[in-house]
>>> print(open('query.pdb').read())   # PDB, C-alpha atoms
ATOM      1  CA  MET A   1       0.000   0.000   0.000
ATOM      2  CA  SER A   2       1.557   3.310  -1.083
ATOM      3  CA  ASP A   3       1.525   6.385   1.155
ATOM      4  CA  THR A   4      -0.809   8.197  -1.243
ATOM      5  CA  SER A   5      -3.479   5.533  -0.619
ATOM      6  CA  ILE A   6      -3.597   6.090   3.139
ATOM      7  CA  LEU A   7      -6.939   7.741   3.741
ATOM      8  CA  GLY A   8      -7.713  10.667   5.985
ATOM      9  CA  GLU A   9     -10.950  10.539   7.988
ATOM     10  CA  PHE A  10     -12.907  12.834   5.688
ATOM     11  CA  GLU A  11     -11.542  11.119   2.568
ATOM     12  CA  HIS A  12     -12.753   7.827   4.029
ATOM     13  CA  ILE A  13     -16.231   9.271   4.620
ATOM     14  CA  VAL A  14     -16.410  10.751   1.108
ATOM     15  CA  LEU A  15     -15.362   7.479  -0.552
ATOM     16  CA  LEU A  16     -17.953   5.510   1.432
ATOM     17  CA  ALA A  17     -20.688   8.015   0.524
ATOM     18  CA  ILE A  18     -19.747   7.700  -3.164
ATOM     19  CA  LEU A  19     -19.885   3.900  -2.948
ATOM     20  CA  ARG A  20     -23.334   4.051  -1.336
ATOM     21  CA  LEU A  21     -24.664   6.381  -4.049
ATOM     22  CA  GLY A  22     -23.433   4.286  -6.986
ATOM     23  CA  ASP A  23     -24.112   5.989 -10.331
ATOM     24  CA  LYS A  24     -25.806   9.014  -8.708
ATOM     25  CA  ALA A  25     -22.728  10.343  -6.932
ATOM     26  CA  TYR A  26     -21.998  14.035  -7.580
ATOM     27  CA  GLY A  27     -21.393  17.065  -5.327
ATOM     28  CA  VAL A  28     -24.969  17.623  -4.094
ATOM     29  CA  THR A  29     -25.878  13.965  -3.503
ATOM     30  CA  ILE A  30     -22.535  13.248  -1.794
ATOM     31  CA  ARG A  31     -23.038  16.183   0.577
ATOM     32  CA  ASN A  32     -26.623  15.074   1.352
ATOM     33  CA  GLU A  33     -25.550  11.469   1.909
ATOM     34  CA  ILE A  34     -22.783  12.493   4.322
ATOM     35  CA  SER A  35     -25.156  14.847   6.106
ATOM     36  CA  GLU A  36     -27.858  12.146   6.470
ATOM     37  CA  ARG A  37     -25.529   9.337   7.543
ATOM     38  CA  THR A  38     -23.149  11.217   9.836
ATOM     39  CA  GLY A  39     -25.323  14.104  11.029
ATOM     40  CA  ARG A  40     -22.715  16.680  10.043
ATOM     41  CA  GLU A  41     -22.845  18.973   7.042
ATOM     42  CA  PRO A  42     -19.495  19.045   5.222
ATOM     43  CA  ALA A  43     -18.118  22.486   4.329
ATOM     44  CA  PRO A  44     -18.399  23.006   0.555
ATOM     45  CA  GLY A  45     -14.743  23.956   0.246
ATOM     46  CA  ALA A  46     -13.633  20.838   2.112
ATOM     47  CA  LEU A  47     -15.844  18.518   0.030
ATOM     48  CA  TYR A  48     -14.756  19.787  -3.403
ATOM     49  CA  VAL A  49     -11.084  20.073  -2.475
ATOM     50  CA  THR A  50     -11.266  16.488  -1.146
ATOM     51  CA  LEU A  51     -12.909  15.246  -4.359
ATOM     52  CA  ASP A  52     -10.148  16.903  -6.423
ATOM     53  CA  ARG A  53      -7.438  15.453  -4.194
ATOM     54  CA  LEU A  54      -8.908  11.940  -4.343
ATOM     55  CA  GLU A  55      -9.047  12.182  -8.125
ATOM     56  CA  ASP A  56      -5.441  13.422  -8.263
ATOM     57  CA  LYS A  57      -4.432  10.414  -6.127
ATOM     58  CA  GLY A  58      -6.210   8.098  -8.570
ATOM     59  CA  LEU A  59      -8.764   6.939  -5.986
ATOM     60  CA  LEU A  60     -11.673   8.441  -7.956
ATOM     61  CA  THR A  61     -12.615   8.869 -11.587
ATOM     62  CA  SER A  62     -15.014  11.531 -12.822
ATOM     63  CA  THR A  63     -17.222  12.008 -15.884
ATOM     64  CA  LEU A  64     -19.374  14.941 -16.941
ATOM     65  CA  GLY A  65     -23.113  14.294 -17.313
ATOM     66  CA  ASP A  66     -25.634  16.162 -19.426
ATOM     67  CA  PRO A  67     -26.346  19.850 -18.742
ATOM     68  CA  THR A  68     -29.688  20.484 -16.981
ATOM     69  CA  PRO A  69     -31.827  23.671 -16.881
ATOM     70  CA  GLU A  70     -32.055  23.893 -13.047
ATOM     71  CA  ARG A  71     -28.257  24.090 -13.020
ATOM     72  CA  GLY A  72     -28.176  26.931 -15.565
ATOM     73  CA  GLY A  73     -27.085  24.543 -18.329
ATOM     74  CA  ARG A  74     -24.114  23.253 -16.363
ATOM     75  CA  ALA A  75     -23.183  19.573 -16.392
ATOM     76  CA  LYS A  76     -22.995  17.384 -13.285
ATOM     77  CA  ARG A  77     -19.600  15.908 -12.475
ATOM     78  CA  TYR A  78     -20.280  12.283 -11.558
ATOM     79  CA  VAL A  79     -17.596  10.462  -9.593
ATOM     80  CA  LYS A  80     -16.817   6.764  -9.112
ATOM     81  CA  VAL A  81     -14.431   4.972  -6.788
ATOM     82  CA  SER A  82     -11.564   3.469  -8.809
ATOM     83  CA  ALA A  83      -9.962   0.064  -8.210
ATOM     84  CA  GLN A  84      -7.166   1.840  -6.325
ATOM     85  CA  GLY A  85      -9.795   3.620  -4.227
ATOM     86  CA  MET A  86     -11.468   0.298  -3.390
ATOM     87  CA  ALA A  87      -8.105  -1.120  -2.322
ATOM     88  CA  ALA A  88      -7.459   1.928  -0.111
ATOM     89  CA  LEU A  89     -10.908   1.589   1.487
ATOM     90  CA  ASN A  90     -10.400  -2.109   2.079
ATOM     91  CA  HIS A  91      -7.011  -1.436   3.674
ATOM     92  CA  ALA A  92      -8.504   1.248   5.938
ATOM     93  CA  ARG A  93     -11.370  -1.091   6.949
ATOM     94  CA  THR A  94      -8.925  -3.877   7.829
ATOM     95  CA  CYS A  95      -6.861  -1.481   9.938
ATOM     96  CA  TYR A  96      -9.955  -0.188  11.776
ATOM     97  CA  LEU A  97     -11.233  -3.731  12.443
ATOM     98  CA  ARG A  98      -7.855  -4.760  13.855
ATOM     99  CA  LEU A  99      -7.869  -1.727  16.130
ATOM    100  CA  TRP A 100     -11.435  -2.390  17.321
ATOM    101  CA  GLU A 101     -10.842  -6.099  17.894
ATOM    102  CA  GLY A 102     -11.275  -7.060  21.537
ATOM    103  CA  LEU A 103     -12.166  -3.567  22.746
ATOM    104  CA  GLN A 104     -15.117  -3.331  25.124
ATOM    105  CA  PHE A 105     -16.760  -0.131  26.363
ATOM    106  CA  PRO A 106     -19.032  -0.169  29.404
ATOM    107  CA  GLY A 107     -22.626   0.686  28.434
ATOM    108  CA  VAL A 108     -22.062   0.212  24.676
ATOM    109  CA  SER A 109     -23.491  -2.891  23.047
ATOM    110  CA  HIS A 110     -21.315  -4.671  20.446
ATOM    111  CA  ALA A 111     -23.717  -6.294  18.010
TER
ATOM    112  CA  MET B   1     -30.933  34.042  -7.791
ATOM    113  CA  PRO B   2     -27.194  34.784  -7.564
ATOM    114  CA  ASP B   3     -25.241  35.647 -10.711
ATOM    115  CA  ALA B   4     -23.803  32.243 -11.534
ATOM    116  CA  ARG B   5     -21.601  33.561 -14.352
ATOM    117  CA  VAL B   6     -19.684  35.803 -11.937
ATOM    118  CA  ALA B   7     -19.339  32.905  -9.485
ATOM    119  CA  GLU B   8     -18.110  30.643 -12.282
ATOM    120  CA  TRP B   9     -15.557  33.275 -13.351
ATOM    121  CA  VAL B  10     -14.300  33.611  -9.759
ATOM    122  CA  LEU B  11     -13.996  29.827  -9.370
ATOM    123  CA  ALA B  12     -12.292  29.487 -12.762
ATOM    124  CA  GLN B  13      -9.400  31.523 -11.321
ATOM    125  CA  VAL B  14      -8.517  28.627  -9.015
ATOM    126  CA  LEU B  15     -10.114  25.573 -10.697
ATOM    127  CA  PRO B  16     -10.135  24.073 -14.207
ATOM    128  CA  PRO B  17     -13.076  25.620 -16.158
ATOM    129  CA  ASP B  18     -15.161  22.400 -16.365
ATOM    130  CA  ARG B  19     -14.859  21.824 -12.616
ATOM    131  CA  ALA B  20     -15.759  25.457 -11.911
ATOM    132  CA  ALA B  21     -18.918  25.084 -14.049
ATOM    133  CA  SER B  22     -20.038  21.801 -12.470
ATOM    134  CA  THR B  23     -19.369  23.108  -8.953
ATOM    135  CA  VAL B  24     -21.451  26.247  -9.548
ATOM    136  CA  GLY B  25     -24.157  24.022 -11.070
ATOM    137  CA  ASP B  26     -24.238  21.977  -7.841
ATOM    138  CA  TRP B  27     -24.734  25.088  -5.734
ATOM    139  CA  MET B  28     -27.417  26.464  -8.055
ATOM    140  CA  GLU B  29     -29.536  23.400  -7.245
ATOM    141  CA  ASP B  30     -29.589  24.504  -3.586
ATOM    142  CA  ALA B  31     -29.339  28.267  -4.008
ATOM    143  CA  GLU B  32     -33.105  28.942  -4.069
ATOM    144  CA  ALA B  33     -33.639  27.135  -0.765
ATOM    145  CA  ARG B  34     -30.499  28.385   0.976
ATOM    146  CA  GLY B  35     -30.211  31.928  -0.399
ATOM    147  CA  PRO B  36     -27.489  34.091  -1.974
ATOM    148  CA  VAL B  37     -25.445  34.506   1.231
ATOM    149  CA  TRP B  38     -24.924  30.738   1.408
ATOM    150  CA  PHE B  39     -24.127  30.625  -2.328
ATOM    151  CA  TRP B  40     -21.461  33.361  -2.162
ATOM    152  CA  SER B  41     -20.004  32.012   1.059
ATOM    153  CA  CYS B  42     -19.561  28.674  -0.766
ATOM    154  CA  VAL B  43     -17.760  30.453  -3.626
ATOM    155  CA  PHE B  44     -15.320  32.299  -1.381
ATOM    156  CA  ARG B  45     -14.750  29.344   0.937
ATOM    157  CA  ILE B  46     -13.771  27.133  -1.977
ATOM    158  CA  VAL B  47     -11.430  29.840  -3.331
ATOM    159  CA  LEU B  48      -9.756  30.083   0.085
ATOM    160  CA  SER B  49      -9.624  26.276   0.383
ATOM    161  CA  ARG B  50      -7.967  25.961  -3.033
ATOM    162  CA  ILE B  51      -5.371  28.654  -2.269
ATOM    163  CA  TRP B  52      -4.643  27.051   1.103
ATOM    164  CA  SER B  53      -4.420  23.617  -0.518
ATOM    165  CA  ASP B  54      -1.950  24.948  -3.160
ATOM    166  CA  PHE B  55       0.209  26.390  -0.373
ATOM    167  CA  ALA B  56       0.046  23.173   1.645
ATOM    168  CA  GLU B  57       0.986  20.977  -1.342
ATOM    169  CA  SER B  58       4.036  22.935  -2.530
ATOM    170  CA  PRO B  59       5.071  25.695  -0.129
ATOM    171  CA  GLY B  60       8.722  25.631  -1.240
ATOM    172  CA  PHE B  61       7.864  26.099  -4.902
ATOM    173  CA  LEU B  62       5.497  29.021  -4.228
ATOM    174  CA  VAL B  63       7.865  30.832  -1.863
ATOM    175  CA  GLY B  64      10.766  30.285  -4.297
ATOM    176  CA  LEU B  65       8.683  31.593  -7.185
ATOM    177  CA  ALA B  66       7.611  34.629  -5.151
ATOM    178  CA  LEU B  67      11.243  35.469  -4.350
ATOM    179  CA  ARG B  68      12.258  34.993  -7.992
ATOM    180  CA  GLY B  69       9.351  37.300  -8.877
ATOM    181  CA  CYS B  70      10.779  39.935  -6.525
ATOM    182  CA  LEU B  71      14.179  39.631  -8.222
ATOM    183  CA  TYR B  72      12.515  39.919 -11.636
ATOM    184  CA  SER B  73      10.695  43.047 -10.513
ATOM    185  CA  LEU B  74      13.968  44.444  -9.142
ATOM    186  CA  TRP B  75      15.627  43.712 -12.473
ATOM    187  CA  LEU B  76      12.883  45.683 -14.247
ATOM    188  CA  VAL B  77      13.377  48.593 -11.826
ATOM    189  CA  VAL B  78      17.135  48.647 -12.411
ATOM    190  CA  GLY B  79      16.638  48.262 -16.173
ATOM    191  CA  THR B  80      14.234  51.180 -16.443
ATOM    192  CA  ILE B  81      16.457  53.354 -14.207
ATOM    193  CA  CYS B  82      19.407  52.618 -16.510
ATOM    194  CA  ILE B  83      17.323  53.647 -19.516
ATOM    195  CA  LEU B  84      16.196  56.840 -17.715
ATOM    196  CA  VAL B  85      19.764  57.716 -16.717
ATOM    197  CA  ALA B  86      20.930  57.125 -20.282
ATOM    198  CA  GLY B  87      18.080  59.368 -21.516
ATOM    199  CA  ALA B  88      19.030  62.079 -18.994
ATOM    200  CA  PHE B  89      22.648  61.981 -20.159
ATOM    201  CA  LEU B  90      21.491  62.281 -23.762
ATOM    202  CA  ILE B  91      19.292  65.294 -22.917
ATOM    203  CA  ALA B  92      22.172  66.886 -20.969
ATOM    204  CA  PHE B  93      24.518  66.314 -23.911
ATOM    205  CA  VAL B  94      22.053  67.901 -26.349
ATOM    206  CA  ALA B  95      21.411  70.773 -23.929
ATOM    207  CA  ILE B  96      25.137  71.510 -23.633
ATOM    208  CA  GLN B  97      25.547  71.392 -27.417
ATOM    209  CA  LEU B  98      22.616  73.777 -27.955
ATOM    210  CA  ASP B  99      23.349  75.940 -24.879
ATOM    211  CA  TRP B 100      19.834  75.153 -23.637
ATOM    212  CA  HIS B 101      18.952  75.179 -19.890
ATOM    213  CA  PRO B 102      15.833  73.073 -19.278
ATOM    214  CA  SER B 103      14.418  72.919 -15.718
ATOM    215  CA  TRP B 104      11.754  70.763 -14.106
ATOM    216  CA  PRO B 105       8.795  73.044 -13.273
ATOM    217  CA  ALA B 106       8.094  73.310  -9.528
ATOM    218  CA  ASN B 107       4.365  73.990  -9.724
ATOM    219  CA  PRO B 108       1.780  71.560  -8.212
ATOM    220  CA  SER B 109       0.622  70.191 -11.577
ATOM    221  CA  ALA B 110       4.195  69.080 -12.326
ATOM    222  CA  GLN B 111       4.249  67.213  -8.999
ATOM    223  CA  ILE B 112       0.963  65.487  -9.826
ATOM    224  CA  LEU B 113       2.384  64.562 -13.228
ATOM    225  CA  GLY B 114       5.478  63.152 -11.493
ATOM    226  CA  ALA B 115       3.294  61.078  -9.163
ATOM    227  CA  LEU B 116       1.256  59.764 -12.069
ATOM    228  CA  ILE B 117       4.397  58.800 -14.002
ATOM    229  CA  THR B 118       5.705  56.987 -10.884
ATOM    230  CA  GLN B 119       2.348  55.242 -10.500
ATOM    231  CA  VAL B 120       2.322  54.102 -14.122
ATOM    232  CA  TRP B 121       5.940  52.954 -13.824
ATOM    233  CA  ILE B 122       5.272  50.909 -10.663
ATOM    234  CA  GLY B 123       2.029  49.589 -12.162
ATOM    235  CA  TRP B 124       3.780  48.458 -15.328
ATOM    236  CA  ILE B 125       6.578  46.710 -13.398
ATOM    237  CA  GLU B 126       4.169  44.889 -11.085
ATOM    238  CA  PHE B 127       1.801  43.955 -13.927
ATOM    239  CA  LYS B 128       4.749  42.455 -15.857
ATOM    240  CA  THR B 129       5.898  40.661 -12.694
ATOM    241  CA  GLY B 130       2.395  39.241 -12.149
ATOM    242  CA  ARG B 131       2.366  37.851 -15.701
ATOM    243  CA  TRP B 132       5.883  36.459 -15.292
ATOM    244  CA  ILE B 133       4.873  34.641 -12.096
ATOM    245  CA  ALA B 134       1.582  33.338 -13.549
ATOM    246  CA  HIS B 135       3.356  31.813 -16.569
ATOM    247  CA  ARG B 136       5.529  29.779 -14.226
ATOM    248  CA  ALA B 137       2.688  28.371 -12.105
ATOM    249  CA  PRO B 138      -0.146  27.302 -14.434
ATOM    250  CA  GLY B 139      -3.153  26.177 -12.395
ATOM    251  CA  ARG B 140      -1.746  27.812  -9.275
ATOM    252  CA  GLU B 141      -1.604  31.410 -10.485
ATOM    253  CA  PHE B 142      -3.637  32.904  -7.665
ATOM    254  CA  ALA B 143      -1.741  31.154  -4.857
ATOM    255  CA  SER B 144       1.578  32.230  -6.396
ATOM    256  CA  GLY B 145       0.230  35.800  -6.682
ATOM    257  CA  ILE B 146      -0.693  35.833  -2.989
ATOM    258  CA  ALA B 147       2.778  34.484  -2.164
ATOM    259  CA  ALA B 148       4.336  37.245  -4.270
ATOM    260  CA  CYS B 149       2.248  39.881  -2.453
ATOM    261  CA  LEU B 150       3.434  38.559   0.905
ATOM    262  CA  ALA B 151       7.060  37.966  -0.105
ATOM    263  CA  PRO B 152       8.316  41.561   0.427
ATOM    264  CA  VAL B 153       7.419  41.224   4.109
ATOM    265  CA  ALA B 154       9.955  38.411   4.414
ATOM    266  CA  PHE B 155      12.330  39.682   1.736
ATOM    267  CA  PRO B 156      12.945  43.387   2.370
ATOM    268  CA  MET B 157      15.104  43.822  -0.736
ATOM    269  CA  ALA B 158      11.980  43.333  -2.836
ATOM    270  CA  SER B 159      10.800  45.790  -5.410
ATOM    271  CA  SER B 160       8.309  47.826  -3.408
ATOM    272  CA  PHE B 161      10.908  48.509  -0.738
ATOM    273  CA  MET B 162      13.427  49.532  -3.368
ATOM    274  CA  LEU B 163      10.887  51.747  -5.059
ATOM    275  CA  ALA B 164      10.106  53.444  -1.747
ATOM    276  CA  GLU B 165      13.833  54.130  -1.219
ATOM    277  CA  ILE B 166      14.459  55.739  -4.595
ATOM    278  CA  LYS B 167      11.582  58.200  -4.518
ATOM    279  CA  SER B 168      12.423  61.879  -4.873
ATOM    280  CA  PRO B 169      12.448  64.004  -1.664
ATOM    281  CA  ASP B 170       9.239  65.827  -2.601
ATOM    282  CA  PHE B 171       7.502  62.554  -3.317
ATOM    283  CA  THR B 172       3.736  62.608  -3.761
ATOM    284  CA  PRO B 173       2.060  59.472  -2.310
ATOM    285  CA  ILE B 174       1.449  56.637  -4.756
ATOM    286  CA  LEU B 175      -2.257  56.318  -5.524
ATOM    287  CA  LEU B 176      -2.607  52.519  -5.628
ATOM    288  CA  PRO B 177      -0.627  49.754  -3.906
ATOM    289  CA  ARG B 178       1.628  47.515  -6.006
ATOM    290  CA  GLU B 179      -0.371  44.383  -5.136
ATOM    291  CA  ILE B 180      -3.337  45.541  -7.247
ATOM    292  CA  PHE B 181      -1.176  45.651 -10.385
ATOM    293  CA  LEU B 182       0.536  42.363  -9.534
ATOM    294  CA  LEU B 183      -2.816  40.577  -9.130
ATOM    295  CA  ALA B 184      -4.091  42.270 -12.313
ATOM    296  CA  GLY B 185      -1.134  40.721 -14.164
ATOM    297  CA  ILE B 186      -1.937  37.329 -12.643
ATOM    298  CA  LEU B 187      -5.632  37.586 -13.637
ATOM    299  CA  TRP B 188      -4.686  38.735 -17.149
ATOM    300  CA  SER B 189      -2.465  35.666 -17.667
ATOM    301  CA  ARG B 190      -5.095  33.320 -16.231
ATOM    302  CA  HIS B 191      -7.728  34.868 -18.534
ATOM    303  CA  LYS B 192      -5.477  34.321 -21.570
ATOM    304  CA  LEU B 193      -4.802  30.720 -20.497
ATOM    305  CA  LEU B 194      -8.540  29.992 -20.114
ATOM    306  CA  ARG B 195      -9.244  31.534 -23.525
ATOM    307  CA  SER B 196      -6.566  29.375 -25.150
ATOM    308  CA  ILE B 197      -8.058  26.259 -23.461
ATOM    309  CA  ALA B 198     -11.559  27.209 -24.681
ATOM    310  CA  GLN B 199     -10.285  27.522 -28.262
TER
END
>>> encode(input="query.pdb", output="structure tokens")
Amino acid sequence: MSDTSILGEFEHIVLLAILRLGDKAYGVTIRNEISERTGREPAPGALYVTLDRLEDKGLLTSTLGDPTPERGGRAKRYVKVSAQGMAALNHARTCYLRLWEGLQFPGVSHA
Amino acid sequence: MPDARVAEWVLAQVLPPDRAASTVGDWMEDAEARGPVWFWSCVFRIVLSRIWSDFAESPGFLVGLALRGCLYSLWLVVGTICILVAGAFLIAFVAIQLDWHPSWPANPSAQILGALITQVWIGWIEFKTGRWIAHRAPGREFASGIAACLAPVAFPMASSFMLAEIKSPDFTPILLPREIFLLAGILWSRHKLLRSIAQ
């Protein structure tokens, strides 16, 4: 695993939101998904800078959709998690699971 | 409804044009519900985020470019002074040959004219410097421009300091700061780059 594939917390959240959205993942839906699932609204600057960075790292690919009137004729930029992005997510998940293994908190159920 | 074209132009200064358009399109979907304040705060927050991100990714390159920009501006100052001195010698030579005694008028309008010439001179040097810097940092023009504006604070031999030192004793204050011309040069280069991409 290269250093560029080590995910930050917000990068991790963004990649998971994109995976959940499938073919419908673009700026607005990603922000709504993160907001719904985590209860926190990502700052617009942080979200778009993170999307650009993930694409520069090769963890995402993007394609432009068709222009729509409610967007003033501007196209949506749809994003997908690349194979490298999937590998980075899988690596992060394995690391988290190893860290959680065997930990018990009083008053918290571990289903 | 906010003016999306202005927002797109602002974003295109720090993002590739297609990304600027799709980003503004995203915000337009929410702008009616959230209002223009939210829309414009998104625009300026992403500009700040991009500039910060450019600094964080390559601070050494941007600081080095800013210092080289200061040296370039200094070179222009020295070059134009050399030309002016050569011109003054030529006028003096002609005056001696013709037994002519020209003098710089001391009335207020001459002082205003002197200030305007100084302003144009400084503006031209900084505009050229802004273009020079922008050509060396495509895609990061604005961050390099900010670095160049801040560089004289850390590099006191920079052009503005030198210009302040060589002013005449009866100097009339300069009307506009050098940073405006420097950023104008940066924006001019970015505009030309975006036009060439569009073609």
>>> interface_residues(input="query.pdb", of="chain A", to="chain B", cutoff="12 Å", atoms="only C-alpha atoms", output="number ranges by chain")
A: 25-32, 42-53, 62-79
>>> resolve_selection(input="query.pdb", expression="the PyMOL selection byres ((chain B and resi 193-196) around 10)", output="ChimeraX atom specification")
/B:12-13,16-17,134-135,138-139,187-192,197-199
>>> residues_around(input="query.pdb", residues="Leu15 (chain A)", least_positions_apart="2", cutoff="12 Å", atoms="only C-alpha atoms", output="PyMOL selection string")
chain A and resi 7-13+17-22+25-26+30-31+33-34+47+50-51+53-55+59-61+79-90+92
>>> write_last_selection(input="query.pdb", atoms="C-alpha atoms", output="short mmCIF file (atom, residue, chain, number, x, y, z; two decimals), in the coordinates of the input")
data_model
loop_
_atom_site.label_atom_id
_atom_site.label_comp_id
_atom_site.auth_asym_id
_atom_site.auth_seq_id
_atom_site.Cartn_x
_atom_site.Cartn_y
_atom_site.Cartn_z
CA LEU A 7 -6.94 7.74 3.74
CA GLY A 8 -7.71 10.67 5.98
CA GLU A 9 -10.95 10.54 7.99
CA PHE A 10 -12.91 12.83 5.69
CA GLU A 11 -11.54 11.12 2.57
CA HIS A 12 -12.75 7.83 4.03
CA ILE A 13 -16.23 9.27 4.62
CA ALA A 17 -20.69 8.02 0.52
CA ILE A 18 -19.75 7.70 -3.16
CA LEU A 19 -19.89 3.90 -2.95
CA ARG A 20 -23.33 4.05 -1.34
CA LEU A 21 -24.66 6.38 -4.05
CA GLY A 22 -23.43 4.29 -6.99
CA ALA A 25 -22.73 10.34 -6.93
CA TYR A 26 -22.00 14.04 -7.58
CA ILE A 30 -22.54 13.25 -1.79
CA ARG A 31 -23.04 16.18 0.58
CA GLU A 33 -25.55 11.47 1.91
CA ILE A 34 -22.78 12.49 4.32
CA LEU A 47 -15.84 18.52 0.03
CA THR A 50 -11.27 16.49 -1.15
CA LEU A 51 -12.91 15.25 -4.36
CA ARG A 53 -7.44 15.45 -4.19
CA LEU A 54 -8.91 11.94 -4.34
CA GLU A 55 -9.05 12.18 -8.12
CA LEU A 59 -8.76 6.94 -5.99
CA LEU A 60 -11.67 8.44 -7.96
CA THR A 61 -12.62 8.87 -11.59
CA VAL A 79 -17.60 10.46 -9.59
CA LYS A 80 -16.82 6.76 -9.11
CA VAL A 81 -14.43 4.97 -6.79
CA SER A 82 -11.56 3.47 -8.81
CA ALA A 83 -9.96 0.06 -8.21
CA GLN A 84 -7.17 1.84 -6.32
CA GLY A 85 -9.80 3.62 -4.23
CA MET A 86 -11.47 0.30 -3.39
CA ALA A 87 -8.10 -1.12 -2.32
CA ALA A 88 -7.46 1.93 -0.11
CA LEU A 89 -10.91 1.59 1.49
CA ASN A 90 -10.40 -2.11 2.08
CA ALA A 92 -8.50 1.25 5.94
#
>>> atom_distance(input="query.pdb", atom1="CA of Val37 (chain B)", atom2="CA of Ala7 (chain B)")
12.4 Å
>>> atom_distance(input="query.pdb", atom1="CA of Thr38 (chain A)", atom2="CA of Val14 (chain A)")
11.0 Å
>>> atom_distance(input="query.pdb", atom1="CA of Arg34 (chain B)", atom2="CA of Trp52 (chain B)")
25.9 Å
>>> residues_around(input="query.pdb", residues="Arg136 (chain B)", least_positions_apart="6", cutoff="12 Å", atoms="all atoms listed in the file", output="list in words")
Phe61, Leu62, Gly64, Leu65, Ala66, Arg68, Gly69, Thr129, Gly130, Phe142, Ala143, Ser144, Gly145, Ile186, Ser189 and Arg190 of chain B
>>> resolve_selection(input="query.pdb", expression="the PyMOL selection byres ((chain B and resi 122) around 9)", output="ChimeraX atom specification")
/B:77,117-121,123-127,160,163,178,181
>>> closest_residue(input="query.pdb", among="B:Glu141, B:Tyr72, B:Thr80, B:Ile96", to="Asp54 (chain B)", atoms="only C-alpha atoms")
B:Glu141
>>> closest_residue(input="query.pdb", among="B:Leu116, B:Val6, B:Leu67, B:Leu11", to="Ile51 (chain B)", atoms="only C-alpha atoms")
B:Leu11
